[in-house]
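Reproduced below: final.cif, with mmCIF, C-alpha atoms and all ligand atoms.
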data_start
#
loop_
_atom_site.label_atom_id
_atom_site.label_comp_id
_atom_site.auth_asym_id
_atom_site.auth_seq_id
_atom_site.Cartn_x
_atom_site.Cartn_y
_atom_site.Cartn_z
CA MET A 1 -7.51 -8.76 -28.51
CA GLN A 2 -6.14 -8.32 -25.02
CA LYS A 3 -5.68 -10.31 -21.82
CA GLN A 4 -7.43 -9.62 -18.51
CA ILE A 5 -7.41 -11.28 -15.09
CA LYS A 6 -10.66 -12.31 -13.40
CA LEU A 7 -11.40 -13.57 -9.92
CA VAL A 8 -13.10 -16.92 -10.55
CA LYS A 9 -13.02 -18.52 -7.10
CA ARG A 10 -12.97 -16.84 -3.68
CA PRO A 11 -9.78 -17.72 -1.78
CA VAL A 12 -10.02 -19.69 1.42
CA GLY A 13 -6.81 -18.92 3.31
CA THR A 14 -3.86 -17.93 1.17
CA PRO A 15 -4.88 -17.25 -2.46
CA THR A 16 -3.58 -19.62 -5.13
CA TYR A 17 -3.43 -19.47 -8.91
CA ASP A 18 -6.73 -21.31 -9.31
CA ASN A 19 -8.57 -18.36 -7.73
CA PHE A 20 -7.77 -16.38 -10.89
CA GLU A 21 -8.15 -16.80 -14.63
CA PHE A 22 -6.51 -15.12 -17.60
CA VAL A 23 -9.13 -14.38 -20.22
CA ASP A 24 -8.73 -13.20 -23.83
CA THR A 25 -11.19 -10.50 -24.80
CA HIS A 26 -11.70 -7.68 -27.28
CA ILE A 27 -10.25 -4.26 -26.62
CA GLY A 28 -13.19 -1.92 -25.99
CA GLU A 29 -13.96 1.32 -27.82
CA PRO A 30 -14.47 4.61 -26.01
CA ASP A 31 -17.81 6.44 -26.16
CA GLU A 32 -18.23 10.19 -25.77
CA GLY A 33 -16.55 11.34 -22.51
CA GLU A 34 -14.36 8.22 -22.36
CA VAL A 35 -10.78 7.31 -23.25
CA LEU A 36 -9.01 4.11 -24.26
CA ILE A 37 -5.92 3.53 -22.12
CA ARG A 38 -3.01 1.15 -22.63
CA THR A 39 -1.92 -0.20 -19.24
CA ASN A 40 1.71 0.54 -18.36
CA TYR A 41 1.87 -0.29 -14.64
CA ILE A 42 -0.43 -2.07 -12.18
CA SER A 43 -0.30 -1.63 -8.41
CA VAL A 44 -0.63 -4.86 -6.43
CA ASP A 45 -1.76 -4.25 -2.84
CA PRO A 46 -2.49 -6.31 0.27
CA TYR A 47 -5.97 -4.76 0.70
CA LEU A 48 -7.08 -6.47 -2.53
CA ARG A 49 -7.07 -9.74 -0.56
CA GLY A 50 -9.96 -8.40 1.54
CA ARG A 51 -11.93 -7.55 -1.59
CA MET A 52 -11.69 -11.19 -2.68
CA ASN A 53 -13.86 -12.22 0.31
CA ASP A 54 -17.61 -11.98 0.09
CA ALA A 55 -17.76 -9.79 3.18
CA LYS A 56 -18.87 -6.29 4.06
CA SER A 57 -16.01 -3.84 4.35
CA TYR A 58 -15.14 -0.22 3.60
CA ILE A 59 -15.00 -1.12 -0.09
CA PRO A 60 -17.29 -3.61 -1.89
CA PRO A 61 -15.98 -7.12 -2.63
CA PHE A 62 -14.97 -8.08 -6.17
CA GLU A 63 -17.80 -9.86 -7.95
CA LEU A 64 -16.96 -13.41 -8.99
CA ASN A 65 -15.96 -13.66 -12.67
CA SER A 66 -15.24 -9.95 -12.81
CA VAL A 67 -11.95 -8.28 -13.69
CA ILE A 68 -9.82 -7.40 -10.65
CA SER A 69 -9.00 -3.72 -10.34
CA SER A 70 -6.47 -1.55 -8.52
CA GLY A 71 -4.40 1.58 -9.12
CA VAL A 72 -3.03 1.71 -12.67
CA ILE A 73 -0.77 4.00 -14.68
CA GLY A 74 -1.56 4.04 -18.39
CA GLN A 75 -1.26 6.03 -21.56
CA VAL A 76 -4.17 7.37 -23.57
CA VAL A 77 -4.40 5.62 -26.94
CA GLU A 78 -7.64 7.19 -28.10
CA SER A 79 -9.64 10.02 -26.55
CA LYS A 80 -13.27 10.98 -26.93
CA SER A 81 -12.96 13.44 -24.06
CA SER A 82 -11.99 17.10 -24.24
CA LYS A 83 -9.99 16.61 -21.00
CA PHE A 84 -7.46 14.12 -22.40
CA GLN A 85 -5.31 13.80 -25.48
CA LYS A 86 -3.57 10.85 -27.10
CA ASN A 87 -0.35 9.94 -25.22
CA ASP A 88 -1.39 11.63 -21.93
CA ILE A 89 -0.16 9.58 -18.99
CA VAL A 90 -2.97 8.99 -16.52
CA THR A 91 -3.77 7.16 -13.30
CA GLY A 92 -6.95 5.79 -11.80
CA PRO A 93 -8.59 2.65 -10.46
CA LEU A 94 -8.60 0.41 -13.51
CA GLY A 95 -8.81 -3.27 -14.36
CA TRP A 96 -6.07 -5.88 -14.42
CA GLN A 97 -6.07 -5.90 -18.20
CA GLU A 98 -3.85 -4.68 -21.01
CA TYR A 99 -6.28 -1.96 -22.16
CA SER A 100 -9.12 -0.14 -20.39
CA VAL A 101 -11.93 2.11 -21.46
CA ALA A 102 -12.46 4.69 -18.71
CA LYS A 103 -14.78 7.60 -18.07
CA ASP A 104 -12.81 10.85 -18.06
CA SER A 105 -14.07 11.58 -14.53
CA SER A 106 -12.45 8.42 -13.13
CA ILE A 107 -8.85 9.20 -14.14
CA ARG A 108 -6.39 12.07 -13.81
CA LYS A 109 -3.23 13.14 -15.59
CA ILE A 110 0.08 12.73 -13.82
CA ASP A 111 3.05 15.07 -13.95
CA ALA A 112 5.82 12.82 -15.27
CA ASP A 113 8.30 15.74 -15.04
CA LEU A 114 7.99 15.82 -11.25
CA ALA A 115 8.72 12.11 -10.72
CA PRO A 116 8.79 8.86 -12.70
CA ALA A 117 5.29 7.60 -13.51
CA THR A 118 5.50 4.68 -11.09
CA ALA A 119 5.92 7.10 -8.17
CA TYR A 120 2.21 7.88 -8.60
CA LEU A 121 1.49 4.32 -7.50
CA SER A 122 3.94 4.53 -4.59
CA VAL A 123 5.28 7.56 -2.75
CA LEU A 124 3.03 10.06 -4.56
CA GLY A 125 0.10 7.66 -4.75
CA MET A 126 -2.24 5.84 -2.42
CA THR A 127 0.44 4.26 -0.22
CA GLY A 128 2.35 7.53 0.27
CA LEU A 129 -0.87 9.29 1.23
CA THR A 130 -1.74 6.48 3.64
CA ALA A 131 1.60 6.93 5.38
CA TYR A 132 1.23 10.71 5.47
CA PHE A 133 -2.26 10.92 6.93
CA GLY A 134 -2.09 7.90 9.22
CA LEU A 135 1.16 9.04 10.80
CA LEU A 136 0.58 12.79 10.96
CA ASP A 137 -3.15 12.95 11.65
CA ILE A 138 -3.43 10.03 14.09
CA GLY A 139 0.17 9.29 15.15
CA GLN A 140 1.19 12.95 15.53
CA PRO A 141 4.89 12.22 16.25
CA LYS A 142 6.80 14.89 18.12
CA ASP A 143 10.48 15.75 18.23
CA GLY A 144 12.38 13.18 20.29
CA GLU A 145 9.50 10.70 20.58
CA THR A 146 9.90 7.01 19.71
CA VAL A 147 7.98 5.80 16.65
CA VAL A 148 7.80 2.10 15.78
CA VAL A 149 6.48 0.94 12.41
CA SER A 150 5.82 -2.63 11.27
CA GLY A 151 5.86 -3.69 7.63
CA ALA A 152 8.62 -1.10 7.68
CA ALA A 153 10.34 -1.94 4.39
CA GLY A 154 7.08 -2.00 2.44
CA ALA A 155 5.30 0.73 0.49
CA VAL A 156 3.52 2.40 3.42
CA GLY A 157 5.99 1.56 6.20
CA SER A 158 9.08 2.88 4.45
CA ILE A 159 7.42 6.28 3.97
CA VAL A 160 6.01 6.33 7.53
CA GLY A 161 9.49 5.88 9.00
CA GLN A 162 11.00 8.63 6.87
CA ILE A 163 8.24 11.12 7.67
CA ALA A 164 8.71 10.31 11.36
CA LYS A 165 12.43 11.09 10.95
CA ILE A 166 11.55 14.39 9.22
CA LYS A 167 9.47 15.20 12.32
CA GLY A 168 12.48 14.53 14.57
CA ALA A 169 11.42 11.19 16.02
CA TYR A 170 13.60 8.22 16.97
CA VAL A 171 12.42 5.54 14.53
CA VAL A 172 12.42 1.75 14.82
CA GLY A 173 11.29 -0.47 11.94
CA ILE A 174 10.18 -4.09 12.01
CA ALA A 175 10.61 -6.14 8.83
CA GLY A 176 11.09 -9.71 7.64
CA SER A 177 14.69 -10.04 6.46
CA ASP A 178 18.23 -8.84 7.20
CA GLU A 179 18.35 -7.25 3.74
CA LYS A 180 15.28 -5.20 4.68
CA THR A 181 16.54 -4.17 8.13
CA ALA A 182 19.89 -3.14 6.61
CA TYR A 183 18.00 -1.08 4.00
CA LEU A 184 16.00 0.68 6.72
CA ILE A 185 19.08 1.71 8.68
CA ASN A 186 21.61 2.31 5.90
CA GLU A 187 19.42 3.77 3.16
CA LEU A 188 16.45 5.31 4.94
CA GLY A 189 18.14 6.48 8.14
CA PHE A 190 16.03 4.53 10.65
CA ASP A 191 17.64 4.47 14.11
CA ALA A 192 17.09 0.74 14.65
CA ALA A 193 15.45 -2.19 12.88
CA ILE A 194 14.24 -5.61 13.98
CA ASN A 195 14.00 -8.77 11.87
CA TYR A 196 10.85 -10.38 13.25
CA LYS A 197 11.67 -13.70 11.59
CA THR A 198 15.00 -14.19 13.35
CA GLN A 199 14.73 -12.08 16.52
CA ASP A 200 12.49 -12.30 19.58
CA VAL A 201 10.38 -9.20 18.90
CA ARG A 202 9.55 -8.43 22.56
CA THR A 203 13.19 -8.55 23.67
CA ALA A 204 14.42 -6.70 20.59
CA LEU A 205 11.79 -3.98 21.05
CA SER A 206 12.70 -3.39 24.72
CA GLU A 207 16.33 -3.04 23.68
CA ALA A 208 15.59 -0.81 20.69
CA CYS A 209 13.10 1.41 22.56
CA PRO A 210 14.73 2.26 25.94
CA LYS A 211 12.34 5.22 26.36
CA GLY A 212 9.21 3.20 25.52
CA ILE A 213 6.96 3.71 22.48
CA ASP A 214 5.00 6.90 21.76
CA VAL A 215 3.66 6.00 18.31
CA TYR A 216 3.14 2.55 16.83
CA PHE A 217 2.11 2.55 13.17
CA GLU A 218 0.36 -0.79 12.73
CA ASN A 219 0.68 -2.45 9.33
CA VAL A 220 0.76 -6.14 10.21
CA GLY A 221 -1.19 -6.95 13.42
CA GLY A 222 -0.83 -10.40 15.00
CA GLU A 223 1.96 -11.16 17.44
CA ILE A 224 4.00 -8.15 16.34
CA GLY A 225 1.15 -5.82 17.28
CA ASP A 226 0.78 -7.67 20.60
CA ALA A 227 4.47 -7.19 21.45
CA ILE A 228 4.10 -3.39 21.31
CA LEU A 229 1.45 -3.09 24.01
CA PRO A 230 3.59 -3.51 27.19
CA LEU A 231 5.98 -0.80 25.97
CA LEU A 232 3.44 1.96 25.34
CA ASN A 233 4.15 5.32 26.96
CA LYS A 234 1.53 7.60 28.51
CA PHE A 235 -0.69 9.10 25.76
CA ALA A 236 0.77 6.83 23.03
CA ARG A 237 -0.96 6.80 19.63
CA ILE A 238 -1.54 3.74 17.45
CA PRO A 239 -2.75 4.39 13.90
CA VAL A 240 -4.14 1.01 12.78
CA CYS A 241 -3.48 0.96 9.05
CA GLY A 242 -3.35 -2.75 8.24
CA ALA A 243 -3.10 -6.26 9.65
CA ILE A 244 -1.61 -8.27 6.81
CA SER A 245 -0.62 -11.15 9.11
CA SER A 246 -4.32 -12.03 9.46
CA TYR A 247 -5.61 -11.42 5.92
CA ASN A 248 -5.34 -15.09 4.99
CA ASN A 249 -6.53 -16.45 8.33
CA GLU A 250 -9.47 -18.81 8.21
CA GLU A 251 -10.28 -18.31 11.92
CA VAL A 252 -10.82 -15.07 13.83
CA ASP A 253 -7.42 -13.80 14.98
CA LEU A 254 -7.37 -13.67 18.80
CA GLY A 255 -4.66 -11.92 20.79
CA PRO A 256 -4.19 -10.28 24.16
CA ARG A 257 -7.04 -8.01 25.28
CA VAL A 258 -5.93 -4.44 24.55
CA GLN A 259 -8.19 -2.51 26.94
CA GLY A 260 -5.94 -2.70 30.00
CA TYR A 261 -2.89 -1.45 28.09
CA LEU A 262 -4.84 1.44 26.59
CA ILE A 263 -6.41 2.48 29.90
CA LYS A 264 -3.16 2.34 31.89
CA THR A 265 -1.38 4.55 29.37
CA SER A 266 -4.33 6.69 28.18
CA SER A 267 -3.34 5.58 24.67
CA LEU A 268 -5.29 6.13 21.48
CA MET A 269 -5.73 3.23 19.03
CA ARG A 270 -7.56 4.29 15.88
CA GLY A 271 -8.25 2.48 12.63
CA PHE A 272 -8.41 4.45 9.41
CA THR A 273 -8.45 4.13 5.66
CA VAL A 274 -6.78 6.56 3.32
CA GLY A 275 -10.21 7.25 1.85
CA ASP A 276 -11.08 9.09 5.08
CA TYR A 277 -8.75 11.84 3.89
CA THR A 278 -9.95 12.33 0.31
CA GLN A 279 -10.71 16.01 0.96
CA ARG A 280 -7.07 16.55 2.00
CA PHE A 281 -5.28 14.56 -0.75
CA LYS A 282 -3.96 17.75 -2.35
CA GLU A 283 -2.24 18.78 0.90
CA GLY A 284 -0.70 15.30 1.29
CA SER A 285 0.44 15.09 -2.33
CA GLN A 286 2.08 18.52 -2.15
CA ALA A 287 3.92 17.70 1.07
CA LEU A 288 5.16 14.34 -0.25
CA ALA A 289 6.25 15.87 -3.58
CA GLY A 290 8.06 18.66 -1.70
CA TRP A 291 10.01 16.23 0.49
CA LEU A 292 10.80 14.12 -2.58
CA GLN A 293 12.17 17.15 -4.45
CA ASP A 294 14.18 18.25 -1.41
CA GLY A 295 15.78 14.79 -1.21
CA LYS A 296 14.22 14.14 2.23
CA LEU A 297 12.19 11.14 1.05
CA GLN A 298 13.48 8.10 -0.76
CA TYR A 299 11.41 5.31 -2.19
CA GLU A 300 12.00 1.85 -3.54
CA GLU A 301 9.86 -0.15 -5.94
CA THR A 302 9.87 -3.85 -6.72
CA ILE A 303 8.79 -3.99 -10.34
CA THR A 304 7.72 -7.35 -11.73
CA ASP A 305 8.00 -7.47 -15.49
CA GLY A 306 5.08 -8.68 -17.58
CA PHE A 307 1.30 -8.84 -17.26
CA ASP A 308 1.51 -12.64 -17.07
CA HIS A 309 3.29 -12.27 -13.71
CA THR A 310 0.67 -10.03 -12.07
CA ILE A 311 -0.65 -12.82 -9.86
CA ASP A 312 2.90 -13.80 -8.82
CA ALA A 313 3.53 -10.21 -7.74
CA PHE A 314 0.29 -10.15 -5.74
CA LEU A 315 1.00 -13.47 -4.01
CA ASP A 316 4.56 -12.33 -3.23
CA LEU A 317 3.16 -9.61 -0.94
CA PHE A 318 2.24 -12.32 1.57
CA LYS A 319 5.73 -13.83 1.40
CA GLY A 320 7.59 -10.55 1.86
CA GLY A 321 8.89 -10.64 -1.72
CA ASN A 322 8.79 -6.85 -2.16
CA LEU A 323 11.05 -4.04 -0.97
CA GLY A 324 9.09 -0.79 -1.16
CA LYS A 325 6.09 -0.68 -3.47
CA ALA A 326 5.10 -3.77 -5.45
CA ILE A 327 4.26 -2.86 -9.04
CA VAL A 328 3.78 -4.84 -12.25
CA LYS A 329 5.10 -3.46 -15.53
CA VAL A 330 2.75 -4.29 -18.37
CA SER A 331 4.09 -2.11 -21.21
CA ASP A 332 6.49 0.76 -21.86
CA ILE A 333 5.34 4.37 -21.79
CA GLU A 334 5.91 5.71 -25.31
P1 LIG B 401 3.79 -3.77 1.69
O1 LIG B 401 4.53 -3.10 0.61
O2 LIG B 401 4.21 -3.52 3.10
O3 LIG B 401 3.80 -5.34 1.37
C1 LIG B 401 3.37 -6.26 2.29
C2 LIG B 401 4.50 -6.66 3.27
O4 LIG B 401 3.89 -7.19 4.44
C3 LIG B 401 5.39 -7.76 2.76
O5 LIG B 401 6.45 -7.29 1.96
C4 LIG B 401 5.88 -8.41 4.04
O6 LIG B 401 7.13 -7.80 4.45
C5 LIG B 401 4.82 -8.04 5.07
N1 LIG B 401 4.12 -9.25 5.54
C6 LIG B 401 3.51 -10.17 4.77
N2 LIG B 401 2.99 -11.14 5.56
C7 LIG B 401 3.31 -10.81 6.84
C8 LIG B 401 3.07 -11.41 8.11
N3 LIG B 401 2.37 -12.56 8.23
N4 LIG B 401 3.55 -10.79 9.21
C9 LIG B 401 4.24 -9.63 9.12
N5 LIG B 401 4.49 -9.01 7.95
C10 LIG B 401 4.03 -9.60 6.83
O7 LIG B 401 2.25 -3.39 1.60
P2 LIG B 401 1.63 -1.94 1.76
O8 LIG B 401 2.66 -1.01 2.25
O9 LIG B 401 0.89 -1.62 0.54
O10 LIG B 401 0.58 -2.16 2.93
C11 LIG B 401 1.02 -2.29 4.27
C12 LIG B 401 -0.20 -2.47 5.17
O11 LIG B 401 -1.01 -1.30 5.09
C13 LIG B 401 -1.10 -3.63 4.74
O12 LIG B 401 -1.62 -4.24 5.89
C14 LIG B 401 -2.20 -2.96 3.96
O13 LIG B 401 -3.38 -3.68 3.94
C15 LIG B 401 -2.32 -1.65 4.71
N6 LIG B 401 -2.86 -0.54 3.94
C16 LIG B 401 -3.89 0.15 4.50
C17 LIG B 401 -4.39 1.25 3.87
C18 LIG B 401 -5.47 2.01 4.54
O14 LIG B 401 -6.07 2.88 3.89
N7 LIG B 401 -5.77 1.72 5.81
C19 LIG B 401 -3.90 1.68 2.56
C20 LIG B 401 -2.75 0.92 2.08
C21 LIG B 401 -2.28 -0.16 2.76
P3 LIG B 401 8.15 -8.56 5.45
O15 LIG B 401 9.24 -9.10 4.60
O16 LIG B 401 8.57 -7.46 6.36
O17 LIG B 401 7.37 -9.66 6.14
#

The structure given in the file should be rewritten as structure tokens.
Amino acid sequence: MQKQIKLVKRPVGTPTYDNFEFVDTHIGEPDEGEVLIRTNYISVDPYLRGRMNDAKSYIPPFELNSVISSGVIGQVVESKSSKFQKNDIVTGPLGWQEYSVAKDSSIRKIDADLAPATAYLSVLGMTGLTAYFGLLDIGQPKDGETVVVSGAAGAVGSIVGQIAKIKGAYVVGIAGSDEKTAYLINELGFDAAINYKTQDVRTALSEACPKGIDVYFENVGGEIGDAILPLLNKFARIPVCGAISSYNNEEVDLGPRVQGYLIKTSSLMRGFTVGDYTQRFKEGSQALAGWLQDGKLQYEETITDGFDHTIDAFLDLFKGGNLGKAIVKVSDIE
């Protein structure tokens, strides 16, 4: 038997424990072309909140009473596929459960010699690729420009800021605690950091960005995103990656009208999802792995121990409980 986590009630506002249920079920058996995987690590991500709503988006909503899924690292326990052998370490979109049966086409092996397995859920995984493509394809930071990133101490933001530094930009991060702002400056080499919970963001931004803002990497939306607009330079770029401050809103989130700011500065504001770049994932993965090996990229992970705490780790994302990538450890890799 194994445990799995199902969505049993759609959240209204901030999710609570009664939206989810732990269910005991049998471990499945692989058919031809499938493998049985023991779950080692589960990625918990803010975008999963959107999939809990019954609303059209770039990815279908979770069905009620179905197992929640996200990025997982696991180890092959039994293989009925010529592509995988017992003990291979693999990653793919799998269920929040202790064991999964997966088609061999839906998973891939990871190179655990290059980096620890969890890195494939963080810097070398979906969030690293999001940072890479959003910043470089849309943001296009140039030497000496000012780049501001919100959600800066999180999985995406921390990589965005470091890539911007690699490209020679002056980098300002916005995050929700003094511990996080100190981490950005002292560990990741950001030029300045703002604690949006204790500082007036507009004033702090004007002080931290004396030359205005050329790139704003948007992870949080809301009032933080609003505060950027008056400081935009001519031809500024705004990759809109996420808006976590509004994910639990019950009403439509209204802010200042953006058109005037964009027209006056000829700025580009463009939403994207990492899935837009699937054809270029190899390029992104190679670049991120190269910087990691050269010591130019650092990454942090907040690992919550135990499958029973998966929901806690997910809910913590909305309280700023994580530094770097939020991951749940379910079992050891053997
Ligand atoms: P993070 O690791 O950044 O975790 C979420 C963080 O958001 C928290 O730690 C918290 O940090 C911050 N936060 C939570 N609530 C608020 C709030 N009300 N206002 C401001 N900040 C808040 O998550 P990810 O790096 O995985 O994701 C970052 C953003 O990127 C999310 O919006 C996500 O949806 C989006 N995303 C988009 C993708 C795409 O393809 N477009 C792919 C992956 C992620 P703090 O302590 O600083 O408040």

Which one of A:Val76, A:Ile185, A:Leu323, A:Ile194 sits closest to ligand LIG 401 (chain B) if you count all atoms listed in the file?
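Once distances to ligand LIG 401 (chain B) are computed over all atoms listed in the file, the minimum belongs to A:Leu323.
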
Residues up to 6 Å from ligand LIG 401 (chain B), counting all atoms listed in the file: could you list those as a count of residues only?
31

With all atoms listed in the file as the counted atoms, please give the residues lying no more than 12 Å from Gly134 of chain A, apart from itself and same-chain residues fewer than 4 positions off, as JSON, numbers by chain.
{"A": [126, 127, 128, 129, 130, 138, 139, 140, 141, 149, 156, 157, 159, 160, 161, 163, 164, 215, 216, 217, 218, 219, 237, 238, 239, 240, 241, 242, 269, 270, 271, 272, 273, 274, 275, 276, 277, 284]}

Taking only C-alpha atoms into account, name the residue in A:Glu21, A:Asp200, A:Asp178, A:Glu145 that is nearest to Gly212 of chain A.
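Among the listed residues, the smallest separation from Gly212 of chain A belongs to A:Glu145.
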
Please tell me which residues are no farther than 12 Å from (4.1, 5.5, -8.5) in the file, counting all atoms listed in the file, and write them as number ranges by chain.
A: 40-44, 71-74, 90-92, 110-112, 114-129, 155, 285, 289, 299-303, 324-329

Within 9 Å of Leu188 of chain A, counting all atoms listed in the file, which residues show up once you throw out same-chain ones fewer than 2 positions away? Write them as a list in words, please.
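Once the adjacent positions are removed, what remains is Ser158, Gly161, Gln162, Tyr183, Leu184, Ile185, Asn186, Phe190, Leu297, Gln298 and Tyr299 of chain A.
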
Distance query Met52 of chain A at most 7 Å, only C-alpha atoms, self and fewer than 4 positions along chain excluded, as JSON, numbers by chain:
{"A": [10, 11, 48, 61, 62]}

Within 12 Å of (-11.0, -3.1, -23.2), in the coordinates the file gives, what residues turn up when you count all atoms listed in the file, written out as a PyMOL selection string?
chain A and resi 1-4+23-30+34-39+67+77-78+94-102

What gap, in Å, lies between atom CA of Pro60 of chain A and atom CA of Ser81 of chain A?
28.3 Å

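Between Ala287 of chain A and the candidates A:Ile263, A:Ile224, A:Val252, A:Ile166, the tightest atom-to-atom separation, counting all atoms listed in the file, involves A:Ile166.
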
Å distance separating atom CA of Asp137 of chain A from atom CA of Arg280 of chain A, one decimal place:
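Distance reported for this atom pair: 11.0 Å.
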
Ser66 of chain A surroundings by only C-alpha atoms, 9 Å radius, close-in-sequence under 4 positions cut, as a list in words:
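So, after excluding close chain neighbours, the residues are Ile5, Lys6, Leu7, Val8 and Phe62 of chain A.
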
Go ahead and compute the interatomic distance for atom CA of Asn87 of chain A and atom CA of Ser331 of chain A, in Å to one decimal.
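Value for the atom CA of Asn87 of chain A-atom CA of Ser331 of chain A distance: 13.5 Å.
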
Compare A:Thr146, A:Gln85, A:Ser69, A:Thr14 by their minimum atom-to-atom distance to Ser246 of chain A, counting only C-alpha atoms, and give me the closest one.
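Among the listed residues, A:Thr14 lies closest to Ser246 of chain A.
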
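Comparing A:Asp316, A:Ala131, A:Ala152, A:Ser206 by their smallest distance to Leu288 of chain A, the closest is A:Ala131 (using only C-alpha atoms).
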
Option closest in space to Lys197 of chain A, from A:Lys180, A:Lys142, A:Lys83, A:Lys211 [counting only C-alpha atoms]
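Among the listed residues, A:Lys180 lies closest to Lys197 of chain A.
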
Would you kindly return, as a ChimeraX atom specification, each protein, DNA or RNA residue with an atom no farther than 9 Å from any atom of Leu262 of chain A, considering only C-alpha atoms and excluding same-chain residues fewer than 3 positions away?
/A:229,232,235-236,258-259,265-269
